[in-house]
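With PDB, C-alpha atoms inside, this is model04.pdb:
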MODEL        1
ATOM      1  CA  MET A   1       3.916  -0.388 126.739
ATOM      2  CA  SER A   2       2.731  -3.170 124.418
ATOM      3  CA  SER A   3       4.051  -1.317 121.368
ATOM      4  CA  ARG A   4       7.493  -1.130 122.979
ATOM      5  CA  VAL A   5       7.388  -4.854 123.712
ATOM      6  CA  PHE A   6       6.745  -5.577 120.039
ATOM      7  CA  THR A   7       9.464  -3.119 119.079
ATOM      8  CA  VAL A   8      11.954  -5.118 121.149
ATOM      9  CA  LEU A   9      10.740  -8.434 119.752
ATOM     10  CA  GLY A  10      10.856  -6.978 116.235
ATOM     11  CA  ALA A  11      14.579  -6.378 116.614
ATOM     12  CA  PHE A  12      15.130 -10.109 116.081
ATOM     13  CA  GLY A  13      15.202 -11.556 112.609
ATOM     14  CA  PRO A  14      16.640 -14.381 110.466
ATOM     15  CA  ASP A  15      20.069 -12.736 110.519
ATOM     16  CA  ARG A  16      19.712 -11.387 114.089
ATOM     17  CA  THR A  17      18.804 -14.406 116.195
ATOM     18  CA  GLU A  18      21.053 -13.446 119.133
ATOM     19  CA  LEU A  19      21.345  -9.850 120.359
ATOM     20  CA  ARG A  20      23.043  -8.134 123.258
ATOM     21  CA  LEU A  21      21.387  -5.362 125.244
ATOM     22  CA  VAL A  22      23.297  -2.720 123.290
ATOM     23  CA  ASP A  23      22.128  -4.333 120.023
ATOM     24  CA  LEU A  24      18.514  -4.147 121.185
ATOM     25  CA  ARG A  25      19.015  -0.512 122.111
ATOM     26  CA  ASP A  26      20.492   0.330 118.714
ATOM     27  CA  ALA A  27      17.806  -1.604 116.820
ATOM     28  CA  THR A  28      14.856  -0.137 118.724
ATOM     29  CA  GLY A  29      16.054   3.383 119.460
ATOM     30  CA  LEU A  30      14.725   3.033 123.012
ATOM     31  CA  PRO A  31      16.694   4.084 126.099
ATOM     32  CA  VAL A  32      18.918   1.308 127.401
ATOM     33  CA  ALA A  33      17.099   1.297 130.768
ATOM     34  CA  THR A  34      13.753   0.787 129.009
ATOM     35  CA  VAL A  35      15.136  -1.993 126.842
ATOM     36  CA  HIS A  36      16.681  -3.679 129.882
ATOM     37  CA  ARG A  37      13.377  -3.574 131.806
ATOM     38  CA  ILE A  38      11.310  -4.918 128.875
ATOM     39  CA  ALA A  39      13.868  -7.631 128.106
ATOM     40  CA  ALA A  40      13.906  -8.737 131.752
ATOM     41  CA  GLU A  41      10.113  -9.008 131.782
ATOM     42  CA  LEU A  42      10.123 -10.998 128.546
ATOM     43  CA  VAL A  43      12.753 -13.356 129.966
ATOM     44  CA  ALA A  44      10.580 -13.873 133.072
ATOM     45  CA  LEU A  45       7.616 -14.721 130.821
ATOM     46  CA  GLY A  46       9.624 -17.112 128.665
ATOM     47  CA  ALA A  47       9.257 -14.955 125.547
ATOM     48  CA  LEU A  48      13.019 -14.347 125.523
ATOM     49  CA  ASP A  49      15.958 -16.407 126.755
ATOM     50  CA  ARG A  50      19.129 -14.838 128.130
ATOM     51  CA  SER A  51      22.387 -16.761 128.047
ATOM     52  CA  PRO A  52      25.079 -16.405 130.749
ATOM     53  CA  ASP A  53      27.160 -14.273 128.372
ATOM     54  CA  GLY A  54      24.345 -11.737 127.979
ATOM     55  CA  LEU A  55      22.898 -12.777 124.621
ATOM     56  CA  TYR A  56      19.126 -12.590 124.191
ATOM     57  CA  ARG A  57      17.231 -14.894 121.840
ATOM     58  CA  ILE A  58      13.586 -15.713 121.163
ATOM     59  CA  GLY A  59      12.240 -18.004 123.885
ATOM     60  CA  MET A  60      10.361 -21.258 123.524
ATOM     61  CA  ARG A  61       7.123 -19.810 124.903
ATOM     62  CA  LEU A  62       6.952 -17.286 122.082
ATOM     63  CA  TRP A  63       7.711 -20.023 119.551
ATOM     64  CA  GLU A  64       4.913 -22.171 121.024
ATOM     65  CA  LEU A  65       2.422 -19.327 120.656
ATOM     66  CA  GLY A  66       3.600 -18.557 117.122
ATOM     67  CA  SER A  67       3.130 -22.167 116.075
ATOM     68  CA  LEU A  68      -0.598 -21.839 116.839
ATOM     69  CA  CYS A  69      -1.042 -19.242 114.108
ATOM     70  CA  PRO A  70      -2.503 -20.747 110.908
ATOM     71  CA  ARG A  71      -0.111 -20.052 108.035
ATOM     72  CA  PRO A  72      -1.063 -20.256 104.358
ATOM     73  CA  ARG A  73       1.016 -22.718 102.388
ATOM     74  CA  THR A  74       3.606 -21.344 100.028
ATOM     75  CA  LEU A  75       4.943 -22.657  96.733
ATOM     76  CA  ARG A  76       7.901 -24.007  98.682
ATOM     77  CA  ASP A  77       5.604 -25.835 101.129
ATOM     78  CA  VAL A  78       3.713 -27.518  98.299
ATOM     79  CA  SER A  79       6.842 -28.413  96.340
ATOM     80  CA  LEU A  80       9.179 -29.643  99.082
ATOM     81  CA  PRO A  81       7.664 -33.134  99.635
ATOM     82  CA  TYR A  82       7.805 -33.849  95.893
ATOM     83  CA  MET A  83      11.357 -32.492  95.736
ATOM     84  CA  GLN A  84      12.367 -34.853  98.524
ATOM     85  CA  ASP A  85      10.758 -37.771  96.676
ATOM     86  CA  LEU A  86      12.595 -36.726  93.520
ATOM     87  CA  TYR A  87      15.901 -36.659  95.375
ATOM     88  CA  GLU A  88      15.230 -40.113  96.818
ATOM     89  CA  ALA A  89      14.521 -41.402  93.311
ATOM     90  CA  THR A  90      17.582 -39.810  91.676
ATOM     91  CA  GLY A  91      20.126 -39.061  94.395
ATOM     92  CA  GLU A  92      20.829 -35.765  92.619
ATOM     93  CA  ASN A  93      20.442 -32.054  93.374
ATOM     94  CA  VAL A  94      16.843 -30.855  93.075
ATOM     95  CA  HIS A  95      16.151 -27.124  92.663
ATOM     96  CA  LEU A  96      13.024 -24.974  92.761
ATOM     97  CA  ALA A  97      13.338 -21.531  91.161
ATOM     98  CA  VAL A  98      11.131 -18.613  90.167
ATOM     99  CA  LEU A  99      11.576 -15.606  87.928
ATOM    100  CA  ASP A 100      12.764 -12.543  89.838
ATOM    101  CA  GLY A 101      13.482  -9.578  87.614
ATOM    102  CA  ASP A 102      15.905 -10.731  84.929
ATOM    103  CA  GLU A 103      17.254 -13.671  86.933
ATOM    104  CA  ALA A 104      16.223 -17.017  88.359
ATOM    105  CA  LEU A 105      15.822 -16.989  92.142
ATOM    106  CA  TYR A 106      16.257 -20.297  94.006
ATOM    107  CA  LEU A 107      13.531 -20.921  96.595
ATOM    108  CA  GLU A 108      14.588 -24.384  97.688
ATOM    109  CA  ARG A 109      17.200 -27.080  97.140
ATOM    110  CA  VAL A 110      17.313 -30.732  98.194
ATOM    111  CA  TRP A 111      20.600 -32.623  97.957
ATOM    112  CA  GLY A 112      22.728 -35.202  99.724
ATOM    113  CA  ARG A 113      26.121 -36.869  99.823
ATOM    114  CA  ARG A 114      25.545 -38.581  96.491
ATOM    115  CA  SER A 115      24.789 -35.289  94.726
ATOM    116  CA  VAL A 116      27.295 -33.547  92.489
ATOM    117  CA  GLU A 117      28.669 -30.281  93.880
ATOM    118  CA  VAL A 118      26.860 -27.248  92.482
ATOM    119  CA  VAL A 119      27.334 -23.488  92.711
ATOM    120  CA  THR A 120      23.699 -22.593  93.444
ATOM    121  CA  HIS A 121      22.087 -22.296  96.876
ATOM    122  CA  VAL A 122      18.782 -21.164  98.351
ATOM    123  CA  GLY A 123      18.382 -17.395  98.079
ATOM    124  CA  GLU A 124      20.901 -17.078  95.267
ATOM    125  CA  ARG A 125      20.165 -15.940  91.742
ATOM    126  CA  SER A 126      21.479 -17.299  88.475
ATOM    127  CA  PRO A 127      21.401 -16.053  84.866
ATOM    128  CA  LEU A 128      18.401 -17.075  82.816
ATOM    129  CA  HIS A 129      20.356 -18.028  79.699
ATOM    130  CA  ALA A 130      22.839 -20.434  81.314
ATOM    131  CA  THR A 131      20.759 -22.674  83.593
ATOM    132  CA  GLY A 132      18.013 -25.226  83.104
ATOM    133  CA  VAL A 133      15.544 -23.437  85.382
ATOM    134  CA  GLY A 134      16.481 -20.143  83.763
ATOM    135  CA  LYS A 135      15.775 -21.391  80.262
ATOM    136  CA  VAL A 136      12.380 -22.723  81.342
ATOM    137  CA  LEU A 137      11.459 -19.403  82.945
ATOM    138  CA  LEU A 138      12.854 -17.318  80.091
ATOM    139  CA  GLY A 139      11.244 -19.523  77.473
ATOM    140  CA  HIS A 140       7.796 -18.865  78.955
ATOM    141  CA  ALA A 141       8.448 -15.206  79.805
ATOM    142  CA  PRO A 142       6.959 -12.257  77.870
ATOM    143  CA  ARG A 143       8.757 -11.267  74.703
ATOM    144  CA  GLU A 144       9.795  -7.951  76.291
ATOM    145  CA  LEU A 145      11.768  -9.770  78.988
ATOM    146  CA  GLN A 146      13.433 -12.029  76.449
ATOM    147  CA  GLU A 147      14.507  -9.018  74.400
ATOM    148  CA  ARG A 148      15.780  -7.243  77.522
ATOM    149  CA  VAL A 149      17.936 -10.233  78.460
ATOM    150  CA  LEU A 150      19.337 -10.429  74.942
ATOM    151  CA  SER A 151      20.031  -6.686  74.735
ATOM    152  CA  ALA A 152      21.863  -6.762  78.072
ATOM    153  CA  GLY A 153      24.384  -9.209  76.617
ATOM    154  CA  LEU A 154      24.780 -12.908  77.317
ATOM    155  CA  GLN A 155      27.668 -13.566  79.669
ATOM    156  CA  ARG A 156      29.892 -16.552  78.934
ATOM    157  CA  PHE A 157      30.555 -18.683  82.026
ATOM    158  CA  THR A 158      32.126 -21.717  80.326
ATOM    159  CA  PRO A 159      33.122 -22.579  76.742
ATOM    160  CA  HIS A 160      29.683 -24.208  76.425
ATOM    161  CA  THR A 161      27.555 -21.210  77.432
ATOM    162  CA  VAL A 162      25.146 -20.187  74.682
ATOM    163  CA  VAL A 163      25.889 -16.524  73.989
ATOM    164  CA  MET A 164      24.542 -16.159  70.431
ATOM    165  CA  PRO A 165      21.062 -14.564  70.596
ATOM    166  CA  GLY A 166      19.703 -16.507  67.625
ATOM    167  CA  LEU A 167      20.845 -19.840  69.031
ATOM    168  CA  LEU A 168      19.402 -19.026  72.441
ATOM    169  CA  MET A 169      16.013 -18.087  70.968
ATOM    170  CA  ARG A 170      15.911 -21.373  69.040
ATOM    171  CA  SER A 171      16.673 -23.298  72.218
ATOM    172  CA  LEU A 172      13.899 -21.445  74.052
ATOM    173  CA  GLN A 173      11.466 -22.402  71.314
ATOM    174  CA  GLN A 174      12.529 -26.011  71.771
ATOM    175  CA  VAL A 175      11.914 -25.694  75.520
ATOM    176  CA  ARG A 176       8.368 -24.513  74.855
ATOM    177  CA  ASN A 177       7.764 -27.298  72.331
ATOM    178  CA  THR A 178       9.152 -30.162  74.413
ATOM    179  CA  GLY A 179       8.360 -28.932  77.923
ATOM    180  CA  ILE A 180      11.914 -29.572  79.108
ATOM    181  CA  ALA A 181      15.238 -27.704  79.144
ATOM    182  CA  ARG A 182      18.634 -29.370  79.091
ATOM    183  CA  CYS A 183      21.657 -27.262  79.978
ATOM    184  CA  VAL A 184      25.021 -29.009  79.639
ATOM    185  CA  GLU A 185      28.025 -27.347  81.332
ATOM    186  CA  GLU A 186      26.764 -23.833  80.586
ATOM    187  CA  LEU A 187      27.081 -22.399  84.106
ATOM    188  CA  SER A 188      29.750 -24.719  85.496
ATOM    189  CA  LEU A 189      31.849 -27.490  84.008
ATOM    190  CA  GLY A 190      30.992 -31.062  84.862
ATOM    191  CA  THR A 191      27.272 -30.573  85.452
ATOM    192  CA  VAL A 192      24.111 -30.913  83.423
ATOM    193  CA  SER A 193      20.811 -29.352  84.459
ATOM    194  CA  VAL A 194      17.444 -30.687  83.345
ATOM    195  CA  ALA A 195      14.405 -28.530  84.129
ATOM    196  CA  VAL A 196      10.650 -28.483  83.574
ATOM    197  CA  PRO A 197       7.951 -25.879  84.254
ATOM    198  CA  ILE A 198       5.527 -25.762  87.167
ATOM    199  CA  VAL A 199       2.152 -24.191  86.333
ATOM    200  CA  ASP A 200      -0.791 -22.872  88.304
ATOM    201  CA  ALA A 201      -4.505 -23.302  87.618
ATOM    202  CA  GLN A 202      -4.638 -20.833  84.693
ATOM    203  CA  PRO A 203      -2.295 -22.573  83.565
ATOM    204  CA  LYS A 204       0.628 -20.166  83.803
ATOM    205  CA  VAL A 205       4.288 -21.042  84.360
ATOM    206  CA  ILE A 206       5.159 -19.760  87.830
ATOM    207  CA  ALA A 207       8.297 -21.760  88.640
ATOM    208  CA  ALA A 208      10.793 -24.271  87.347
ATOM    209  CA  LEU A 209      11.928 -27.559  88.856
ATOM    210  CA  SER A 210      15.306 -29.017  87.968
ATOM    211  CA  VAL A 211      17.675 -31.881  88.634
ATOM    212  CA  VAL A 212      21.398 -31.155  88.396
ATOM    213  CA  LEU A 213      23.727 -34.108  87.909
ATOM    214  CA  HIS A 214      27.225 -34.900  86.726
ATOM    215  CA  THR A 215      27.855 -34.978  83.003
ATOM    216  CA  ARG A 216      29.407 -38.438  83.367
ATOM    217  CA  THR A 217      26.163 -39.999  84.557
ATOM    218  CA  ARG A 218      24.168 -42.205  82.245
ATOM    219  CA  ALA A 219      20.945 -41.743  84.226
ATOM    220  CA  LEU A 220      19.683 -38.682  82.350
ATOM    221  CA  HIS A 221      16.871 -40.477  80.555
ATOM    222  CA  GLY A 222      15.779 -42.052  83.821
ATOM    223  CA  VAL A 223      15.769 -38.690  85.587
ATOM    224  CA  GLU A 224      13.546 -36.895  83.081
ATOM    225  CA  PRO A 225      10.350 -38.960  83.614
ATOM    226  CA  ALA A 226      10.697 -38.608  87.400
ATOM    227  CA  LEU A 227      11.247 -34.861  87.021
ATOM    228  CA  ARG A 228       8.177 -34.451  84.815
ATOM    229  CA  LEU A 229       6.073 -36.472  87.255
ATOM    230  CA  ALA A 230       7.165 -34.362  90.225
ATOM    231  CA  ALA A 231       6.425 -31.091  88.399
ATOM    232  CA  ALA A 232       3.031 -32.398  87.263
ATOM    233  CA  SER A 233       2.169 -33.412  90.824
ATOM    234  CA  ILE A 234       3.128 -29.980  92.173
ATOM    235  CA  SER A 235       1.152 -28.264  89.415
ATOM    236  CA  ARG A 236      -1.898 -30.418  90.097
ATOM    237  CA  GLU A 237      -1.802 -29.512  93.784
ATOM    238  CA  LEU A 238      -1.330 -25.824  92.999
ATOM    239  CA  ALA A 239      -4.428 -25.935  90.795
ATOM    240  CA  THR A 240      -6.558 -26.639  93.871
ATOM    241  CA  GLU A 241      -5.397 -23.697  95.976
ATOM    242  CA  THR A 242      -3.848 -20.242  95.753
ATOM    243  CA  VAL A 243      -0.389 -20.036  97.295
ATOM    244  CA  PRO A 244       2.081 -17.145  97.486
ATOM    245  CA  VAL A 245       5.308 -17.661  95.559
ATOM    246  CA  LEU A 246       8.094 -15.855  97.385
ATOM    247  CA  SER A 247       6.980 -15.885 101.030
ATOM    248  CA  GLY A 248       8.574 -19.287 101.548
ATOM    249  CA  LEU A 249      12.048 -17.891 100.925
ATOM    250  CA  ARG A 250      14.289 -17.101 103.834
ATOM    251  CA  ASN A 251      14.596 -13.371 104.280
ATOM    252  CA  ARG A 252      18.084 -12.657 103.036
ATOM    253  CA  PRO A 253      19.500 -10.874 100.005
ATOM    254  CA  GLY A 254      20.202 -13.060  97.019
ATOM    255  CA  ARG A 255      23.681 -13.601  95.628
ATOM    256  CA  ARG A 256      24.582 -14.276  92.029
ATOM    257  CA  ALA A 257      25.635 -17.876  91.439
ATOM    258  CA  THR A 258      28.852 -17.839  89.423
ATOM    259  CA  ARG A 259      32.036 -19.798  89.253
TER     260      ARG A 259
ENDMDL
END

Using structure tokens, write down the structure from this file.
Amino acid sequence: MSSRVFTVLGAFGPDRTELRLVDLRDATGLPVATVHRIAAELVALGALDRSPDGLYRIGMRLWELGSLCPRPRTLRDVSLPYMQDLYEATGENVHLAVLDGDEALYLERVWGRRSVEVVTHVGERSPLHATGVGKVLLGHAPRELQERVLSAGLQRFTPHTVVMPGLLMRSLQQVRNTGIARCVEELSLGTVSVAVPIVDAQPKVIAALSVVLHTRTRALHGVEPALRLAAASISRELATETVPVLSGLRNRPGRRATR
């Protein structure tokens, strides 16, 4: 019986927060009468809620019990307070990204009404050669990955996108030398991305932190010191503990950020 209870509860997920009885039946493969009986018992216990229109959702009692479970901190957990401080200091978009295959995957974003509109969102992926975070990650990636990205062809997103392999490799060398990447209107017009690496205790580059602002702003030189400080603070905290990288990401397939 307990296994069937967990089967019913397991039907819910980030993209399935409200389910009808027929949805629970389809997701679990259990007979509708069995699902109805288990769901009714869970509603009585407060583990599920049932709305007047027949939609089931996770109940507050189950959430209360789940909150008692100790959860290891993720890269996102460590980074988010510093990202919020960075946004407060700059008023601009702040992104956290990691390398995922041949693309940059965005784990978190902090922004507000003052921020310039951007095309990237949490869970989306962007090309490594045309973004600030991407250039940081690609610049510190193994040579095999760099060659694979070059051999796949460098897509042009704007007239300013670097698509010449030699020029890109020189810019990646500059990223490694200076510890910062600047990407001006390469993914979308009107924006400039400034990014720096985040390292673990080894030290190894495991992520990139960026600020994306409008090309018309004159605050670029003021943003860079704050960005470096935030990344250094995250890296220092990471050096004291081992945290998983991707488990802080919401469970949904990533989309390619293009315009």

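The residue that comes closest to Glu103 (chain A), out of A:Arg148, A:Gln84, A:Gly66, A:Arg73 and on the basis of all atoms listed in the file, is A:Arg148.
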
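Across A:Thr74, A:Thr7, A:Thr131, A:Ser151, the tightest approach to Thr34 (chain A) is made by A:Thr7 when counting all atoms listed in the file.
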
Once you count all atoms listed in the file, what closest atom pair and distance in Å to one decimal does each residue of region 36-101 of chain A within 9 Å of region 200-210 of chain A have, with rows by chain and rising residue number, as a tab-separated table?
residue	atom	partner	partner_atom	distance
A:Leu75	CA	A:Ala207	CA	8.8
A:Met83	CA	A:Leu209	CA	8.5
A:Asn93	CA	A:Ser210	CA	8.1
A:Val94	CA	A:Ser210	CA	5.6
A:His95	CA	A:Ser210	CA	5.1
A:Leu96	CA	A:Leu209	CA	4.8
A:Ala97	CA	A:Ala208	CA	5.3
A:Val98	CA	A:Ala207	CA	4.5
A:Leu99	CA	A:Ala207	CA	7.0

message = Evaluated on this file, the PyMOL selection byres ((chain A and resi 177-181) around 10) picks out some residues - which ones are they, written as a VMD selection string?
response = chain A and resid 131 to 137 139 171 to 176 182 to 184 193 to 197 208 to 210 224 227 to 228

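Nearest residue to Leu30 (chain A), choosing from A:Leu86, A:Leu213, A:Leu229, A:Ala11 and counting all atoms listed in the file: A:Ala11.
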
key: Residues near Gly10 (chain A), cut-off 9 Å, only C-alpha atoms, skip fewer than 4 positions along chain, as a PyMOL selection string   = chain A and resi 5-6+27-28

Could the centre and edge lengths of an axis-aligned box, enclosing all atoms of region 76-79 of chain A in the file with 5 Å extra on each side, be given in Å to one decimal as JSON?
{"center_x": 5.8, "center_y": -26.2, "center_z": 98.7, "size_x": 14.2, "size_y": 14.4, "size_z": 14.8}

Contacts of Thr161 (chain A) at 12 Å or less, counting all atoms listed in the file, minus same-chain residues fewer than 4 places along, as a PDB file with C-alpha atoms, keeping the file's coordinate frame?
ATOM      1  CA  PRO A 127      21.401 -16.053  84.866  1.00  0.00           C
ATOM      2  CA  LEU A 128      18.401 -17.075  82.816  1.00  0.00           C
ATOM      3  CA  HIS A 129      20.356 -18.028  79.699  1.00  0.00           C
ATOM      4  CA  ALA A 130      22.839 -20.434  81.314  1.00  0.00           C
ATOM      5  CA  THR A 131      20.759 -22.674  83.593  1.00  0.00           C
ATOM      6  CA  GLY A 132      18.013 -25.226  83.104  1.00  0.00           C
ATOM      7  CA  LEU A 154      24.780 -12.908  77.317  1.00  0.00           C
ATOM      8  CA  GLN A 155      27.668 -13.566  79.669  1.00  0.00           C
ATOM      9  CA  ARG A 156      29.892 -16.552  78.934  1.00  0.00           C
ATOM     10  CA  PHE A 157      30.555 -18.683  82.026  1.00  0.00           C
ATOM     11  CA  PRO A 165      21.062 -14.564  70.596  1.00  0.00           C
ATOM     12  CA  LEU A 167      20.845 -19.840  69.031  1.00  0.00           C
ATOM     13  CA  LEU A 168      19.402 -19.026  72.441  1.00  0.00           C
ATOM     14  CA  CYS A 183      21.657 -27.262  79.978  1.00  0.00           C
ATOM     15  CA  VAL A 184      25.021 -29.009  79.639  1.00  0.00           C
ATOM     16  CA  GLU A 185      28.025 -27.347  81.332  1.00  0.00           C
ATOM     17  CA  GLU A 186      26.764 -23.833  80.586  1.00  0.00           C
ATOM     18  CA  LEU A 187      27.081 -22.399  84.106  1.00  0.00           C
ATOM     19  CA  SER A 188      29.750 -24.719  85.496  1.00  0.00           C
ATOM     20  CA  LEU A 189      31.849 -27.490  84.008  1.00  0.00           C
ATOM     21  CA  VAL A 192      24.111 -30.913  83.423  1.00  0.00           C
TER      22      VAL A 192
END

ask   = What do you get, as a ChimeraX atom specification, if you spell out every residue that the PyMOL selection byres ((chain A and resi 46) around 12) selects here?
value = /A:39-45,47-50,56-65

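Among the candidates A:Val78, A:Ala104, A:Val162, A:Met169, the one nearest to Thr240 (chain A) when counting only C-alpha atoms is A:Val78.
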
task = Could you jot down the CA of Gln146 (chain A) to CA of Leu105 (chain A) separation for me, Å, one decimal place?
result = 16.6 Å

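A straight line drawn from CA of Gly123 (chain A) to CA of Asp85 (chain A) is 21.8 Å long.
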
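With CA of Leu107 (chain A) on one side and CA of Val122 (chain A) on the other, the separation reads 5.5 Å.
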
task = Step by step: start from the point (3.7, -28.7, 96.8) in the file's coordinates, keep every protein, DNA or RNA residue that has an atom no farther than 7 Å from it, count only C-alpha atoms, and write the set as a VMD selection string.
result = chain A and resid 75 to 82 234 237 to 238

request  = Counting only C-alpha atoms, figure out which residue out of A:Val8, A:Ala232, A:Val163, A:Ala152 gets nearest to Val32 (chain A).
outcome  = A:Val8
